[in-house]
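Following: one structure in structure tokens, then a few remarks.
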Amino acid sequence: MKHKMFFVLMWVWWTGSLLHAEVSEVRRQYECSILDFGASVDTNIVNTTAINKAIEHCYRQGGGRVIVPAGRFKTGTIFLKDNVELRLENGAYLFASENPDDFPLMPPAAYRSLKDEGGWSALIYAGEARNIALTGYGTLDGRGKGRKGRVGGVAGDANGRPRNLLFISCRNVRVEGVTMQNSALWNQHYLNCEDVTVDNIRVYNHCNGNNDGIDIDGCRRFTLSNSIIDSDDDGIVLKSTGTAACEDIIVTGCIVSSFANAIKCGTESTGGFKNILVADCIVKPSRNKGERIIKSTPSGITAISLEIVDGGIMDGVMVHDIVIEGTECPLYIRLADRGRKHLKDAPDPPMGRMRNIRISNVTAYGTGNFCSSVTGIPDGCIEDVWLDNIRFVNKGGLVDGNFRTPGDMRNRRHDTSGNLFFDKYWASHRDVVEDEKGYPQPTVWGNLPSYGLFVRHVKRLTVTHSAFGSEAQDPRVPLIAVDVERLKIHDLDVPEGSRVQVLMDGVKDYVIDKALKISK
């Protein structure tokens, strides 16, 4: 027994010594301040050289931490390097120089993207870096209001305006604690990155066009958690602007506000999306009460958008435990064939696919009247969709018979508030255009002929334990299903006063509760 006790004590001592050594090693990590390399809180001085010298010096020491202390520091592009953590201490305010020359346009990286045509520009940039971090409780401010594009002849989101943060083909990335605001373009863009953790950040982006909150683009093994994002354009966006898929992505515990689409996969879908989990999030109206850049809907266009329109495959998406306040359309799932190439010399993308999508435990209230939808096109059906325990309550209040007409959008943009006809709706599902090549957004249709769910061109759809309702009387049908193969509806709660509760056209092989009023 004594011998056993001796060995136990020796093991405890040995493991404790190892732990002490590891902690000591962490404590001995190299640190330096940007002040040591000439940085100044004088806001007339641009600190780009000083900050990059500090990062270079830290990198040459084998890595470590570069500290931005409390104070206001003006800078141009900062280049992060391997094994370097840039830490913004509490009270640190790192803001962009007003001089465009302080943000050099960098050529396309080895990994090509639809968005690199005009070159890359950013406040903080890293390319093919390993083990990098941006941490602390300071603020990164892009001062993007009024900044113009520097490259003509390209799309607005590729015209050379600087992002606040741009990481391309980086591995082992950590972003924690910081506040990011006022980007000239997308706030933060992670392109073709792997093993990324973004946690407990704050984003407020309402000063220029294309002001997304965060763009996760063709990344693998990426977690976004415990963050608050309020943006003029899309909030949390998963994209695939190149050949890489967005794969193994988790978004959890976030509060998201947007005048466009709060949580979105798309529109670019070249490489597709696989194994996506979105959970425990709140979507609510923006805190911004000032000028809006996106002028379509003041409460936001969609809460959750899942889209494949430029080829690619979406497979394995789960969205659950979401609360939605406001927004015009709680759920928008769209397969179409816009077919945009990610590079000019790339082949035309084939028709994409969407399958294995599960949406559960979603509550939406006070929403507009656009109606949630799951829609493919005649040559491309969405497959295997489960909707369980969802509750959508729209505002209602439409006047019976106040219909839209097919020509009311001729030569008009569909994404501006004056063209959305909030007080009218389509009389029939036959009036709802397919719009296979158009921009995927429910503003194309406005108020559909149903108020709970509109389904078209789908194989195997299940709706269970769910409810659709309206705050004020709505003359439309709760649920419309068109060209659906194998439809199952069980335990659906809709107003009893509806003349028709489920309208079907071209539905094959269905199982629907007998208590529901069906029209075929």
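Identifiers in the structure tokens: chain A, B, ... in order shown; residue index from 1 per chain; ligand index from 1 in order shown.
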Subject >> Neighbour list for A:Thr375 as a count of residues only, cut-off 9 Å, only C-alpha atoms, skip fewer than 2 positions in-chain >> reply: 15
**OP:** Please provide the set of residues having any atom within 10 Å of A:Thr197, restricted to only C-alpha atoms, with same-chain residues fewer than 4 positions apart removed, written as number ranges by chain.
**Re:** A: 133, 172-176, 221-225, 250
Subject >> Å distance separating atom CA of A:Val500 from atom CA of A:Val482, one decimal place >> reply: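 These two atoms are separated by 14.9 Å.
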Original post:
Hey, what's within 10 Å of stretch 387-401 of chain A if we count only C-alpha atoms and toss same-chain stuff fewer than 6 positions away? As a ChimeraX atom specification, please?
Top reply: /A:319-331,357-372,422-427,447,451-453,461-476,489-493
Original post:
Nearest to A:Asp195 among A:Leu86, A:Asp345, A:Glu436, A:Asn131, with distances taken over only C-alpha atoms: which residue is it?
Top reply: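 Among the listed residues, the smallest separation from A:Asp195 belongs to A:Asn131.
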Subject >> Those of stretch 223-339 of chain A in DSSP strand (DSSP E or B), formatted as a ChimeraX atom specification >> reply: /A:223-225,228-231,236-240,246-252,255-258,261-269,273-283,302-308,313-325,329-335
Subject >> Residue contacts of A:Ile216 (10 Å, only C-alpha atoms) excluding same-chain residues fewer than 5 positions away, as a list in words >> reply: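 That gives Gln188, His189, Tyr190, Leu191, Asn192, Cys193, Val196, Phe222, Thr223, Leu224, Ile236, Val237, Leu238, Lys239, Ser240, Cys246, Ile249 and Cys265 of chain A.
Interatomic distance, atom CA of A:Thr139 against atom CA of A:Gly290: 21.4 Å.
Interatomic distance, atom CA of A:Gly407 against atom CA of A:Ala481: 24.6 Å.
Counting only C-alpha atoms and comparing A:Leu343, A:Leu306, A:Val477, A:Ile78, the residue that lies closest to A:Glu117 is A:Leu343.
In this comparison, which uses only C-alpha atoms, the residue of A:Glu383, A:Asp248, A:Asp310, A:Asp408 approaching A:Tyr439 most closely is A:Asp310.
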Spatial neighbours of A:Gly119, 10 Å, only C-alpha atoms, chain gap at least 2 places, as a compact mmCIF listing (two decimals) with N, CA, C and O atoms, in the first residue's frame:
# COMPACT_ATOMS: atom_id res chain seq x y z
N PRO A 104 -3.06 49.57 -49.77
CA PRO A 104 -2.66 49.13 -51.10
C PRO A 104 -3.56 48.02 -51.63
O PRO A 104 -3.99 47.14 -50.87
N LEU A 105 -3.83 48.08 -52.93
CA LEU A 105 -4.60 47.02 -53.57
C LEU A 105 -3.67 45.84 -53.83
O LEU A 105 -2.66 45.98 -54.53
N MET A 106 -4.02 44.72 -53.26
CA MET A 106 -3.20 43.52 -53.43
C MET A 106 -3.77 42.65 -54.53
O MET A 106 -5.00 42.56 -54.69
N PRO A 107 -2.94 42.01 -55.31
CA PRO A 107 -3.43 41.18 -56.43
C PRO A 107 -4.16 39.95 -55.91
O PRO A 107 -4.06 39.59 -54.73
N PRO A 108 -4.87 39.27 -56.78
CA PRO A 108 -5.55 38.03 -56.37
C PRO A 108 -4.57 37.04 -55.76
O PRO A 108 -3.41 36.94 -56.17
N ALA A 109 -5.05 36.32 -54.75
CA ALA A 109 -4.23 35.30 -54.10
C ALA A 109 -4.22 34.03 -54.94
O ALA A 109 -4.87 33.94 -55.99
N LYS A 115 -14.74 37.53 -55.96
CA LYS A 115 -14.60 38.88 -55.41
C LYS A 115 -13.21 39.47 -55.56
O LYS A 115 -12.95 40.56 -55.03
N ASP A 116 -12.28 38.80 -56.24
CA ASP A 116 -10.91 39.31 -56.28
C ASP A 116 -10.59 40.10 -57.55
O ASP A 116 -9.45 40.52 -57.76
N GLU A 117 -11.59 40.32 -58.40
CA GLU A 117 -11.33 40.95 -59.69
C GLU A 117 -10.71 42.34 -59.54
O GLU A 117 -9.85 42.74 -60.32
N SER A 121 -8.21 44.60 -50.50
CA SER A 121 -7.82 45.73 -49.67
C SER A 121 -8.45 45.54 -48.29
O SER A 121 -9.62 45.14 -48.19
N ARG A 150 -12.24 52.04 -55.90
CA ARG A 150 -11.04 52.51 -56.62
C ARG A 150 -10.82 51.77 -57.92
O ARG A 150 -9.87 52.05 -58.65
N VAL A 151 -11.69 50.81 -58.22
CA VAL A 151 -11.55 50.02 -59.44
C VAL A 151 -12.87 50.05 -60.19
O VAL A 151 -13.92 49.71 -59.64
N ALA A 158 -16.49 44.32 -55.19
CA ALA A 158 -15.13 43.93 -55.60
C ALA A 158 -14.36 45.14 -56.14
O ALA A 158 -13.40 44.99 -56.88
N ASN A 159 -14.76 46.33 -55.72
CA ASN A 159 -14.22 47.55 -56.34
C ASN A 159 -13.10 48.21 -55.56
O ASN A 159 -12.79 49.38 -55.78
N GLY A 160 -12.47 47.49 -54.65
CA GLY A 160 -11.27 48.01 -54.00
C GLY A 160 -11.51 48.70 -52.67
O GLY A 160 -10.54 49.13 -52.03
N ARG A 161 -12.74 48.83 -52.23
CA ARG A 161 -12.97 49.38 -50.89
C ARG A 161 -12.41 48.41 -49.85
O ARG A 161 -12.54 47.20 -50.00
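In terms of minimum interatomic distance to A:Trp120, A:Arg163 ranks closest within A:Arg163, A:Arg460, A:Lys437, A:Arg355, counting only C-alpha atoms.
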